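Asker: Below is the file structure29.cif, which contains mmCIF, C-alpha atoms and all ligand atoms.
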data_protein
#
loop_
_atom_site.label_atom_id
_atom_site.label_comp_id
_atom_site.auth_asym_id
_atom_site.auth_seq_id
_atom_site.Cartn_x
_atom_site.Cartn_y
_atom_site.Cartn_z
CA MET A 965 1.05 -11.31 -42.60
CA GLU A 966 3.98 -9.07 -41.85
CA PRO A 967 6.56 -10.93 -39.75
CA GLN A 968 8.38 -7.91 -38.32
CA SER A 969 5.84 -5.59 -36.78
CA PRO A 970 7.08 -3.05 -34.23
CA VAL A 971 6.46 -4.02 -30.63
CA HIS A 972 4.21 -1.69 -28.66
CA SER A 973 4.55 -1.88 -24.91
CA ALA A 974 1.82 -0.68 -22.57
CA GLU A 975 4.06 2.30 -21.73
CA GLN A 976 4.44 3.22 -25.39
CA ILE A 977 0.70 3.06 -25.91
CA ALA A 978 0.08 5.17 -22.81
CA ALA A 979 2.57 7.71 -24.17
CA LEU A 980 0.67 7.88 -27.46
CA ASP A 981 -2.54 8.66 -25.55
CA ALA A 982 -0.79 11.22 -23.36
CA ALA A 983 0.46 13.06 -26.46
CA ASP A 984 -2.86 12.87 -28.35
CA PRO A 985 -4.02 16.41 -29.29
CA LEU A 986 -7.60 15.12 -29.68
CA ALA A 987 -7.75 13.34 -26.31
CA SER A 988 -10.14 15.86 -24.75
CA PHE A 989 -12.88 15.08 -27.30
CA ARG A 990 -13.51 11.65 -25.78
CA GLU A 991 -15.36 13.04 -22.79
CA ARG A 992 -17.70 14.94 -25.11
CA PHE A 993 -19.29 11.60 -26.09
CA VAL A 994 -21.51 9.16 -24.21
CA LEU A 995 -19.49 5.93 -24.16
CA PRO A 996 -20.90 3.09 -22.07
CA HIS A 997 -18.60 1.71 -19.38
CA GLY A 998 -16.96 -1.54 -20.41
CA VAL A 999 -17.50 -0.96 -24.13
CA THR A 1000 -14.75 -0.48 -26.68
CA TYR A 1001 -16.66 1.01 -29.56
CA LEU A 1002 -15.16 0.19 -32.95
CA ASP A 1003 -18.24 0.82 -35.08
CA GLY A 1004 -18.36 4.59 -35.44
CA ASN A 1005 -18.09 4.06 -39.19
CA SER A 1006 -21.54 2.47 -39.09
CA LEU A 1007 -23.29 4.38 -36.29
CA GLY A 1008 -21.30 7.16 -34.67
CA ALA A 1009 -21.41 7.53 -30.88
CA LEU A 1010 -23.78 9.97 -29.16
CA PRO A 1011 -22.26 13.41 -28.49
CA ARG A 1012 -22.99 14.57 -24.93
CA GLY A 1013 -24.53 17.82 -26.12
CA THR A 1014 -27.08 16.15 -28.41
CA ALA A 1015 -29.65 15.07 -25.83
CA GLU A 1016 -29.87 18.56 -24.34
CA ARG A 1017 -30.17 20.23 -27.73
CA VAL A 1018 -32.82 17.76 -28.92
CA ARG A 1019 -34.72 18.32 -25.66
CA GLU A 1020 -34.61 22.06 -26.34
CA VAL A 1021 -35.94 21.54 -29.85
CA LEU A 1022 -38.73 19.31 -28.55
CA GLU A 1023 -39.77 21.22 -25.45
CA SER A 1024 -39.06 24.82 -26.35
CA GLU A 1025 -39.02 25.13 -30.12
CA TRP A 1026 -41.76 22.59 -30.81
CA GLY A 1027 -43.62 22.45 -27.49
CA THR A 1028 -43.81 26.18 -26.88
CA GLY A 1029 -42.94 27.74 -30.19
CA LEU A 1030 -45.15 25.42 -32.18
CA ILE A 1031 -45.42 26.35 -35.83
CA ARG A 1032 -43.91 29.76 -35.17
CA SER A 1033 -40.52 28.05 -34.87
CA TRP A 1034 -40.28 27.61 -38.62
CA ASN A 1035 -39.48 31.34 -38.57
CA ASP A 1036 -38.50 32.12 -34.97
CA ALA A 1037 -36.07 29.19 -34.57
CA ASP A 1038 -35.12 29.35 -38.25
CA TRP A 1039 -36.17 25.75 -38.85
CA ILE A 1040 -36.79 26.61 -42.47
CA ASN A 1041 -33.08 27.21 -43.15
CA ALA A 1042 -31.76 24.29 -41.08
CA PRO A 1043 -30.88 22.09 -44.12
CA GLN A 1044 -28.80 24.87 -45.67
CA ARG A 1045 -27.27 25.94 -42.34
CA VAL A 1046 -26.06 22.44 -41.42
CA GLY A 1047 -25.05 21.84 -45.03
CA ALA A 1048 -22.78 24.89 -44.87
CA LYS A 1049 -21.12 23.44 -41.78
CA ILE A 1050 -20.55 20.04 -43.41
CA ALA A 1051 -19.12 21.93 -46.40
CA ARG A 1052 -16.19 23.00 -44.21
CA LEU A 1053 -15.27 19.34 -43.64
CA ILE A 1054 -15.20 18.44 -47.34
CA ASP A 1055 -13.70 21.53 -49.00
CA ALA A 1056 -16.97 22.80 -50.46
CA GLY A 1057 -18.46 26.27 -50.57
CA PRO A 1058 -21.14 27.11 -47.97
CA HIS A 1059 -23.85 27.24 -50.64
CA GLU A 1060 -22.87 23.95 -52.27
CA VAL A 1061 -24.07 21.49 -49.60
CA VAL A 1062 -27.50 20.80 -48.17
CA VAL A 1063 -28.79 18.28 -45.64
CA ALA A 1064 -31.67 16.18 -46.94
CA ASP A 1065 -33.23 12.73 -47.13
CA SER A 1066 -31.12 9.56 -47.02
CA THR A 1067 -27.93 8.94 -48.96
CA SER A 1068 -29.86 6.55 -51.21
CA VAL A 1069 -32.50 9.17 -52.09
CA ASN A 1070 -29.80 11.78 -52.66
CA LEU A 1071 -28.06 9.35 -54.99
CA HIS A 1072 -31.27 9.03 -56.99
CA LYS A 1073 -31.66 12.78 -57.25
CA LEU A 1074 -28.10 13.37 -58.41
CA ILE A 1075 -27.84 10.33 -60.71
CA VAL A 1076 -30.99 11.30 -62.58
CA ALA A 1077 -30.03 14.99 -62.64
CA ALA A 1078 -26.61 14.11 -64.07
CA LEU A 1079 -27.94 11.69 -66.69
CA SER A 1080 -30.55 14.23 -67.78
CA ALA A 1081 -27.78 16.79 -68.22
CA ARG A 1082 -25.88 14.40 -70.54
CA PRO A 1083 -28.81 13.08 -72.64
CA ASP A 1084 -26.67 11.87 -75.56
CA ARG A 1085 -24.46 9.66 -73.39
CA HIS A 1086 -25.36 6.13 -72.39
CA THR A 1087 -23.10 4.80 -69.65
CA VAL A 1088 -22.58 5.16 -65.94
CA VAL A 1089 -19.19 3.88 -64.77
CA SER A 1090 -18.80 2.38 -61.32
CA GLU A 1091 -16.98 -0.55 -59.75
CA PRO A 1092 -18.09 -4.03 -58.70
CA GLY A 1093 -18.35 -4.24 -54.92
CA ASN A 1094 -19.31 -0.58 -54.57
CA PHE A 1095 -21.75 -0.10 -51.68
CA PRO A 1096 -24.89 -1.94 -52.81
CA THR A 1097 -27.28 1.01 -52.56
CA ASP A 1098 -25.11 3.00 -54.97
CA LEU A 1099 -25.37 0.28 -57.61
CA TYR A 1100 -29.06 -0.35 -56.93
CA MET A 1101 -29.84 3.35 -57.28
CA VAL A 1102 -28.07 3.42 -60.66
CA GLU A 1103 -29.88 0.28 -61.84
CA THR A 1104 -33.28 1.60 -60.85
CA ALA A 1105 -32.60 5.07 -62.26
CA LEU A 1106 -31.53 3.51 -65.56
CA ALA A 1107 -34.62 1.31 -65.62
CA THR A 1108 -36.80 4.39 -65.16
CA LEU A 1109 -34.98 6.56 -67.70
CA GLY A 1110 -34.51 3.89 -70.39
CA GLY A 1111 -32.98 5.15 -73.62
CA GLY A 1112 -30.40 2.36 -73.92
CA ARG A 1113 -28.39 3.56 -70.96
CA ARG A 1114 -26.34 1.01 -69.02
CA LEU A 1115 -24.08 0.54 -66.03
CA VAL A 1116 -20.42 -0.34 -66.69
CA LEU A 1117 -18.65 -1.98 -63.74
CA SER A 1118 -14.90 -1.68 -63.99
CA PRO A 1119 -12.12 -2.98 -61.70
CA ARG A 1120 -10.78 0.03 -59.83
CA ASP A 1121 -7.37 0.10 -61.48
CA GLU A 1122 -8.99 0.28 -64.92
CA ILE A 1123 -11.65 2.87 -64.19
CA VAL A 1124 -9.96 5.85 -65.79
CA ASN A 1125 -9.55 3.84 -69.02
CA ARG A 1126 -13.21 2.79 -69.04
CA ILE A 1127 -14.44 6.39 -69.08
CA THR A 1128 -15.30 7.25 -72.68
CA ASP A 1129 -17.09 9.89 -74.74
CA ASP A 1130 -20.25 7.89 -74.06
CA THR A 1131 -19.90 8.14 -70.26
CA ALA A 1132 -22.44 10.43 -68.66
CA LEU A 1133 -21.49 9.82 -65.04
CA VAL A 1134 -18.81 8.16 -62.91
CA LEU A 1135 -20.15 7.08 -59.51
CA LEU A 1136 -17.66 5.90 -56.89
CA THR A 1137 -17.43 5.62 -53.14
CA HIS A 1138 -14.34 7.56 -52.08
CA VAL A 1139 -13.44 5.26 -49.14
CA HIS A 1140 -14.55 1.68 -49.76
CA TYR A 1141 -17.01 0.51 -47.12
CA LYS A 1142 -15.40 -2.91 -46.71
CA THR A 1143 -11.72 -2.50 -47.47
CA ALA A 1144 -11.07 1.20 -46.62
CA ASP A 1145 -9.28 1.56 -49.98
CA VAL A 1146 -9.30 5.19 -51.13
CA HIS A 1147 -9.84 6.41 -54.67
CA ASP A 1148 -7.62 9.15 -56.05
CA MET A 1149 -10.37 11.74 -56.26
CA ALA A 1150 -8.30 14.25 -58.20
CA ALA A 1151 -7.12 11.75 -60.83
CA VAL A 1152 -10.52 10.12 -61.43
CA THR A 1153 -12.31 13.46 -61.55
CA ALA A 1154 -9.78 14.84 -64.03
CA ALA A 1155 -10.09 11.73 -66.22
CA ALA A 1156 -13.88 12.02 -66.23
CA HIS A 1157 -13.77 15.71 -67.08
CA ALA A 1158 -11.34 15.04 -69.92
CA LYS A 1159 -14.09 12.92 -71.50
CA GLY A 1160 -16.88 15.36 -70.67
CA ALA A 1161 -18.41 13.14 -67.95
CA LEU A 1162 -19.62 14.17 -64.50
CA VAL A 1163 -18.42 12.52 -61.28
CA LEU A 1164 -20.51 11.71 -58.22
CA TRP A 1165 -18.59 10.79 -55.05
CA ASP A 1166 -20.15 8.88 -52.17
CA LEU A 1167 -18.44 10.32 -49.09
CA SER A 1168 -20.24 8.20 -46.51
CA HIS A 1169 -16.98 6.78 -45.11
CA SER A 1170 -14.98 9.95 -45.76
CA ALA A 1171 -16.78 12.95 -44.27
CA GLY A 1172 -15.37 13.57 -40.81
CA ALA A 1173 -12.87 10.72 -41.18
CA VAL A 1174 -10.34 11.61 -43.87
CA PRO A 1175 -9.45 14.83 -45.69
CA VAL A 1176 -11.75 15.44 -48.64
CA ALA A 1177 -10.94 18.06 -51.28
CA LEU A 1178 -14.07 18.41 -53.40
CA GLY A 1179 -13.25 21.98 -54.37
CA ALA A 1180 -9.58 21.39 -55.12
CA CYS A 1181 -10.48 18.33 -57.23
CA ARG A 1182 -13.24 20.25 -59.04
CA ALA A 1183 -15.65 17.44 -58.11
CA ASP A 1184 -19.13 17.81 -59.58
CA LEU A 1185 -21.41 15.99 -57.17
CA ALA A 1186 -21.27 14.18 -53.85
CA VAL A 1187 -23.47 12.54 -51.22
CA GLY A 1188 -22.79 11.16 -47.76
CA CYS A 1189 -24.29 9.75 -44.57
CA GLY A 1190 -24.93 11.78 -41.43
CA TYR A 1191 -24.95 8.85 -39.02
CA LYS A 1192 -21.40 7.55 -39.39
CA PHE A 1193 -18.38 9.76 -38.65
CA LEU A 1194 -20.60 12.85 -38.35
CA ASN A 1195 -22.32 11.32 -35.30
CA GLY A 1196 -25.80 12.48 -36.30
CA GLY A 1197 -27.67 9.50 -34.83
CA PRO A 1198 -29.45 6.44 -36.22
CA GLY A 1199 -31.04 7.29 -39.57
CA ALA A 1200 -29.68 10.84 -39.44
CA PRO A 1201 -30.37 12.89 -42.56
CA ALA A 1202 -27.74 12.66 -45.27
CA PHE A 1203 -26.09 15.46 -47.22
CA LEU A 1204 -25.56 16.24 -50.86
CA TYR A 1205 -23.12 18.51 -52.68
CA VAL A 1206 -23.51 20.10 -56.10
CA ALA A 1207 -20.67 22.31 -57.38
CA GLU A 1208 -21.92 25.85 -57.84
CA ARG A 1209 -21.17 25.81 -61.57
CA HIS A 1210 -23.91 23.15 -62.00
CA HIS A 1211 -26.59 24.87 -59.93
CA ASP A 1212 -28.44 26.35 -62.87
CA THR A 1213 -28.29 23.32 -65.14
CA LEU A 1214 -28.98 20.32 -62.90
CA VAL A 1215 -32.56 19.72 -61.81
CA SER A 1216 -33.79 17.27 -59.20
CA PRO A 1217 -36.16 14.57 -60.46
CA LEU A 1218 -38.01 14.84 -57.14
CA GLY A 1219 -39.54 18.27 -57.48
CA GLY A 1220 -41.03 18.63 -54.03
CA TRP A 1221 -42.29 21.91 -52.72
CA MET A 1222 -39.28 22.58 -50.48
CA GLY A 1223 -37.13 22.74 -53.60
CA HIS A 1224 -39.49 25.16 -55.33
CA ALA A 1225 -38.42 28.73 -55.97
CA ARG A 1226 -41.40 30.01 -53.96
CA PRO A 1227 -42.82 27.22 -51.75
CA PHE A 1228 -45.20 29.53 -49.94
CA ALA A 1229 -46.63 31.00 -53.12
CA PHE A 1230 -48.38 27.61 -53.56
CA GLU A 1231 -48.20 27.74 -57.34
CA ASP A 1232 -49.54 24.98 -59.56
CA HIS A 1233 -46.33 24.41 -61.49
CA TYR A 1234 -42.84 23.41 -60.42
CA GLN A 1235 -40.08 25.94 -60.75
CA PRO A 1236 -36.79 24.87 -59.16
CA SER A 1237 -35.30 27.16 -56.57
CA PRO A 1238 -32.04 28.84 -57.50
CA GLY A 1239 -28.98 27.26 -55.90
CA ILE A 1240 -28.60 24.11 -53.82
CA THR A 1241 -32.10 24.46 -52.32
CA ARG A 1242 -33.59 22.94 -55.47
CA PHE A 1243 -32.29 19.57 -54.25
CA LEU A 1244 -34.57 19.59 -51.24
CA CYS A 1245 -37.82 17.70 -51.66
CA GLY A 1246 -40.15 17.57 -48.65
CA THR A 1247 -40.28 19.13 -45.19
CA PRO A 1248 -36.93 18.70 -43.38
CA PRO A 1249 -36.91 16.42 -40.28
CA ILE A 1250 -36.09 19.18 -37.81
CA VAL A 1251 -35.41 17.06 -34.72
CA ALA A 1252 -33.04 14.82 -36.66
CA VAL A 1253 -31.32 17.76 -38.33
CA ALA A 1254 -30.76 19.32 -34.89
CA ALA A 1255 -29.11 16.11 -33.67
CA LEU A 1256 -26.92 15.98 -36.75
CA GLU A 1257 -25.90 19.61 -36.22
CA CYS A 1258 -24.53 18.71 -32.76
CA GLY A 1259 -22.30 16.02 -34.25
CA VAL A 1260 -21.10 18.32 -37.01
CA ASP A 1261 -20.42 21.20 -34.60
CA LEU A 1262 -18.25 18.91 -32.50
CA HIS A 1263 -16.24 17.94 -35.57
CA LEU A 1264 -15.73 21.55 -36.52
CA GLU A 1265 -13.97 22.12 -33.19
CA ALA A 1266 -11.34 19.52 -34.13
CA ASP A 1267 -8.42 20.08 -36.46
CA MET A 1268 -9.11 17.91 -39.51
CA GLN A 1269 -5.43 17.22 -40.09
CA ALA A 1270 -5.11 15.98 -36.50
CA VAL A 1271 -8.15 13.74 -37.10
CA ALA A 1272 -6.59 12.35 -40.26
CA ASP A 1273 -3.20 11.79 -38.58
CA LYS A 1274 -4.74 9.99 -35.61
CA SER A 1275 -6.96 7.89 -37.87
CA ARG A 1276 -3.86 6.68 -39.68
CA ALA A 1277 -1.92 6.08 -36.46
CA LEU A 1278 -4.79 4.10 -34.87
CA ALA A 1279 -5.13 1.99 -38.00
CA ASP A 1280 -1.41 1.31 -38.25
CA LEU A 1281 -1.25 0.32 -34.57
CA PHE A 1282 -4.27 -1.96 -34.89
CA ILE A 1283 -2.89 -3.68 -37.98
CA HIS A 1284 0.55 -4.16 -36.45
CA LEU A 1285 -0.87 -5.61 -33.23
CA VAL A 1286 -3.31 -7.97 -34.97
CA GLN A 1287 -0.62 -9.17 -37.32
CA ARG A 1288 1.76 -9.81 -34.43
CA ARG A 1289 -0.74 -11.42 -32.08
CA CYS A 1290 -3.35 -13.10 -34.28
CA ALA A 1291 -1.47 -14.14 -37.42
CA ASP A 1292 -1.50 -17.81 -36.45
CA HIS A 1293 -5.28 -17.89 -36.21
CA GLY A 1294 -6.16 -17.38 -39.87
CA VAL A 1295 -6.88 -13.65 -39.71
CA THR A 1296 -5.92 -11.79 -42.91
CA LEU A 1297 -5.77 -8.05 -43.48
CA VAL A 1298 -8.14 -6.71 -46.15
CA GLY A 1299 -7.32 -3.39 -47.80
CA PRO A 1300 -4.37 -1.03 -47.52
CA ALA A 1301 -1.17 -2.03 -45.69
CA PRO A 1302 0.17 0.19 -42.89
CA GLY A 1303 1.36 3.52 -44.23
CA ALA A 1304 -0.73 3.40 -47.42
CA PRO A 1305 -3.63 5.83 -47.95
CA ARG A 1306 -6.74 4.45 -46.27
CA GLY A 1307 -10.07 5.26 -44.69
CA SER A 1308 -10.71 5.18 -40.96
CA HIS A 1309 -11.69 1.54 -40.57
CA VAL A 1310 -9.69 -1.67 -40.70
CA SER A 1311 -11.02 -4.99 -41.95
CA PHE A 1312 -9.79 -8.50 -41.44
CA ARG A 1313 -10.96 -11.63 -43.18
CA HIS A 1314 -11.64 -14.91 -41.38
CA PRO A 1315 -13.95 -17.74 -42.52
CA GLU A 1316 -15.67 -17.59 -39.11
CA GLY A 1317 -15.69 -13.80 -38.98
CA TYR A 1318 -19.36 -13.59 -38.01
CA ALA A 1319 -19.05 -15.81 -34.94
CA ILE A 1320 -15.78 -14.17 -33.92
CA MET A 1321 -17.41 -10.73 -34.10
CA GLN A 1322 -20.33 -11.93 -31.95
CA ALA A 1323 -17.86 -13.22 -29.34
CA LEU A 1324 -16.06 -9.85 -29.42
CA ILE A 1325 -19.32 -7.93 -29.00
CA ASP A 1326 -20.21 -10.17 -26.07
CA ARG A 1327 -16.93 -9.09 -24.48
CA GLY A 1328 -17.63 -5.40 -25.05
CA VAL A 1329 -15.57 -4.91 -28.21
CA ILE A 1330 -18.09 -3.74 -30.79
CA GLY A 1331 -17.25 -3.90 -34.47
CA ASP A 1332 -19.38 -5.29 -37.28
CA PHE A 1333 -19.42 -8.01 -39.89
CA ARG A 1334 -19.74 -7.67 -43.65
CA ALA A 1335 -20.57 -10.83 -45.56
CA PRO A 1336 -19.14 -13.17 -46.51
CA ASP A 1337 -16.17 -13.12 -44.11
CA ILE A 1338 -15.10 -9.60 -43.13
CA MET A 1339 -14.72 -8.31 -39.57
CA ARG A 1340 -14.76 -4.52 -39.76
CA PHE A 1341 -13.42 -2.21 -37.07
CA GLY A 1342 -14.13 1.52 -37.21
CA LEU A 1343 -11.41 3.70 -35.70
CA THR A 1344 -12.90 7.05 -34.78
CA PRO A 1345 -10.20 9.55 -33.79
CA LEU A 1346 -12.50 11.80 -31.73
CA TYR A 1347 -13.38 9.23 -29.10
CA LEU A 1348 -10.97 6.31 -29.33
CA ARG A 1349 -7.72 5.99 -27.42
CA TYR A 1350 -4.70 4.03 -28.52
CA ALA A 1351 -5.28 1.94 -25.38
CA ASP A 1352 -8.74 1.00 -26.74
CA VAL A 1353 -7.13 -0.37 -29.87
CA ALA A 1354 -4.65 -2.39 -27.81
CA HIS A 1355 -7.46 -3.70 -25.60
CA ALA A 1356 -9.50 -4.76 -28.65
CA VAL A 1357 -6.54 -6.78 -29.94
CA ASP A 1358 -6.12 -8.41 -26.51
CA VAL A 1359 -9.75 -9.53 -26.64
CA LEU A 1360 -9.52 -10.65 -30.26
CA GLU A 1361 -6.44 -12.72 -29.49
CA GLU A 1362 -8.17 -14.32 -26.51
CA VAL A 1363 -11.30 -15.15 -28.53
CA LEU A 1364 -9.18 -16.75 -31.24
CA ARG A 1365 -6.76 -18.57 -28.93
CA THR A 1366 -9.50 -20.10 -26.78
CA ASP A 1367 -11.88 -20.81 -29.69
CA ALA A 1368 -14.52 -18.95 -27.68
CA TRP A 1369 -16.28 -18.06 -30.93
CA ARG A 1370 -17.29 -21.73 -31.38
CA ALA A 1371 -20.04 -21.41 -28.76
CA PRO A 1372 -23.43 -22.08 -30.42
CA VAL A 1373 -24.78 -18.73 -29.23
CA TYR A 1374 -22.37 -16.93 -31.57
CA GLN A 1375 -23.52 -18.82 -34.65
CA THR A 1376 -27.02 -17.32 -34.83
CA ARG A 1377 -27.26 -14.64 -37.52
CA HIS A 1378 -29.07 -11.46 -36.52
CA ALA A 1379 -30.98 -9.30 -39.01
CA VAL A 1380 -28.35 -6.54 -38.77
CA THR A 1381 -24.75 -7.67 -38.81
C1 LIG A 1401 -20.94 3.99 -48.82
C2 LIG A 1401 -22.36 4.01 -48.37
N1 LIG A 1401 -23.27 4.63 -49.15
C3 LIG A 1401 -24.57 4.68 -48.80
C4 LIG A 1401 -25.01 4.07 -47.64
C5 LIG A 1401 -26.49 4.06 -47.31
O1 LIG A 1401 -26.96 5.28 -46.93
P1 LIG A 1401 -28.51 5.49 -46.54
O2 LIG A 1401 -28.88 4.41 -45.59
O3 LIG A 1401 -28.50 6.86 -45.91
O4 LIG A 1401 -29.29 5.48 -47.79
C6 LIG A 1401 -24.10 3.45 -46.79
C7 LIG A 1401 -24.55 2.82 -45.54
O5 LIG A 1401 -23.83 2.21 -44.80
C8 LIG A 1401 -22.75 3.41 -47.18
O6 LIG A 1401 -21.83 2.78 -46.43
#
Could you spell out this file's structure in structure tokens?

Answerer:
Amino acid sequence: MEPQSPVHSAEQIAALDAADPLASFRERFVLPHGVTYLDGNSLGALPRGTAERVREVLESEWGTGLIRSWNDADWINAPQRVGAKIARLIDAGPHEVVVADSTSVNLHKLIVAALSARPDRHTVVSEPGNFPTDLYMVETALATLGGGRRLVLSPRDEIVNRITDDTALVLLTHVHYKTADVHDMAAVTAAAHAKGALVLWDLSHSAGAVPVALGACRADLAVGCGYKFLNGGPGAPAFLYVAERHHDTLVSPLGGWMGHARPFAFEDHYQPSPGITRFLCGTPPIVAVAALECGVDLHLEADMQAVADKSRALADLFIHLVQRRCADHGVTLVGPAPGAPRGSHVSFRHPEGYAIMQALIDRGVIGDFRAPDIMRFGLTPLYLRYADVAHAVDVLEEVLRTDAWRAPVYQTRHAVT
């Protein structure tokens, strides 16, 4: 714990909110009264425009247009259209991103495509503690492909040295889902390329939260969630990125008809579409893609540098206040210190983190818990105020000081934490 954190008075915090260039975005979201929502890194809040747009898709495009809407409402190009919008948030070209499937399924497609493009190489490099689905998708892809391939898990500070001439793919999550540590995308990508390996970045906690420079880093591949900082809704479709230089050589292992060069020719044999479209598989979930598009459109109205600056400022304020107010209660910061590069969530460790989080949620401060002992707080610049962060720390301090978390009701583990 840092002993000398700056003091923030209520007036200073009000001044930060008054000077916030993103303040007007808050009213564009549905935020329940009495709730301080610190979980936008898990499920983003509902943009106000989404319900109306989804109603239009349901009642007009589906209800009235029926199947004609595949052409008349351009449903057929929705995955590419929304992909091109997401591309602007992650420094990709408009034809390098497509919306499809879940992040896990997109990982499968790109892992297998990458390994098939490097058939003489045997290793995939990742790190222990990467998001579980990333590691599971590698393990299951390797089990399917066989050929003596294996997963190498390296501590993050040794990763660049573990990439060898036998490495086919490096798979990393740019912003760590628990700690908010950030990988140096440019350095890791360059190290992988120096050895002839491809790199696949999981941007689930990056897209819409921190600056991402896929193009500038010459990244090969990427995936990411639509339901976190992009505010696409529960189970929103994910996105995937393939650098244009790989479009002709990488092939999806899931050769569904929507990725075929001529889906409506109904041919007997698979021929991948040119470009990013080959990474589609089945029929796109149009209602869900429409909801995601609302979240992405809202983001595109915001200045990404302002988002990044506010994310950092919210995190620094939160850390300083928790360290000043809660240090005596066994709460320890996990991940980057104030001022260091970080993602847009802050995590603290406490042996009773689960019960403490339940007590917070009961008091309207919603974060989440990641086993075994991490309380995670998402700080979403588009709809959080500095005053919300201060309020959350007030409630946390009260829960800790009064031992409110000891109530039996907070000990019961729910299926989703
Ligand atoms: C880093 C990361 N990757 C992947 C996923 C899972 O994505 P999906 O549920 O779309 O497969 C998550 C979910 O939280 C995540 O945090």

Asker: What gap, in Å, lies between CA of Leu1278 (chain A) and CA of Val1353 (chain A)?

Answerer: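 Those two atoms sit 7.1 Å apart.
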
Asker: Which residue gives the smallest distance to Gly1317 (chain A) among A:Arg1370, A:Arg1120, A:Lys1159, A:Arg1209, with all atoms listed in the file counted?

Answerer: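 Of all the options, A:Arg1370 lies closest to Gly1317 (chain A).
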
Asker: Compute the set of protein, DNA and RNA residues whose minimum atom distance to ligand LIG 1401 (chain A) is at most 6 Å, using only C-alpha atoms and all ligand atoms, and state it as a ChimeraX atom specification.

Answerer: /A:1066-1068,1095,1097,1137,1141,1166,1168,1189,1202

Asker: I'd like to know which of A:Thr1131, A:Ser1216, A:Thr1366, A:Asn1005 is closest to Val1076 (chain A), using all atoms listed in the file.

Answerer: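 Distance minimum relative to Val1076 (chain A) lands on A:Ser1216.
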
Asker: Provide the CA of Cys1181 (chain A) to CA of Ile1240 (chain A) distance in Å, to one decimal place.

Answerer: 19.3 Å

Asker: Tell me, as a PDB file with C-alpha atoms, keeping the file's coordinate frame, which residues lie within 8 Å of Leu1185 (chain A), counting only C-alpha atoms; anything in the same chain fewer than 3 positions away does not count.

Answerer:
ATOM      1  CA  LEU A1074     -28.100  13.370 -58.410  1.00  0.00           C
ATOM      2  CA  LEU A1162     -19.620  14.170 -64.500  1.00  0.00           C
ATOM      3  CA  VAL A1163     -18.420  12.520 -61.280  1.00  0.00           C
ATOM      4  CA  LEU A1164     -20.510  11.710 -58.220  1.00  0.00           C
ATOM      5  CA  TRP A1165     -18.590  10.790 -55.050  1.00  0.00           C
ATOM      6  CA  LEU A1204     -25.560  16.240 -50.860  1.00  0.00           C
ATOM      7  CA  TYR A1205     -23.120  18.510 -52.680  1.00  0.00           C
ATOM      8  CA  VAL A1206     -23.510  20.100 -56.100  1.00  0.00           C
ATOM      9  CA  ALA A1207     -20.670  22.310 -57.380  1.00  0.00           C
TER      10      ALA A1207
END

Asker: Work out how far CA of Trp1369 (chain A) is from CA of Ile1320 (chain A), in Å to one decimal.

Answerer: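 Answer for the CA of Ile1320 (chain A) to CA of Trp1369 (chain A) separation: 4.9 Å.
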
Asker: Could you list, as JSON, numbers by chain, every residue within 6 Å of region 1044-1047 of chain A, counting all atoms listed in the file and ignoring same-chain residues fewer than 2 positions away?

Answerer: {"A": [1041, 1042, 1049, 1050, 1061, 1062, 1063, 1257]}

Asker: Nearest residue to Ile1250 (chain A) out of A:Ala1064, A:Ala1171, A:Ala1323, A:Leu995, using only C-alpha atoms?

Answerer: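 Among A:Ala1064, A:Ala1171, A:Ala1323, A:Leu995, it is A:Ala1064 that comes nearest to Ile1250 (chain A).
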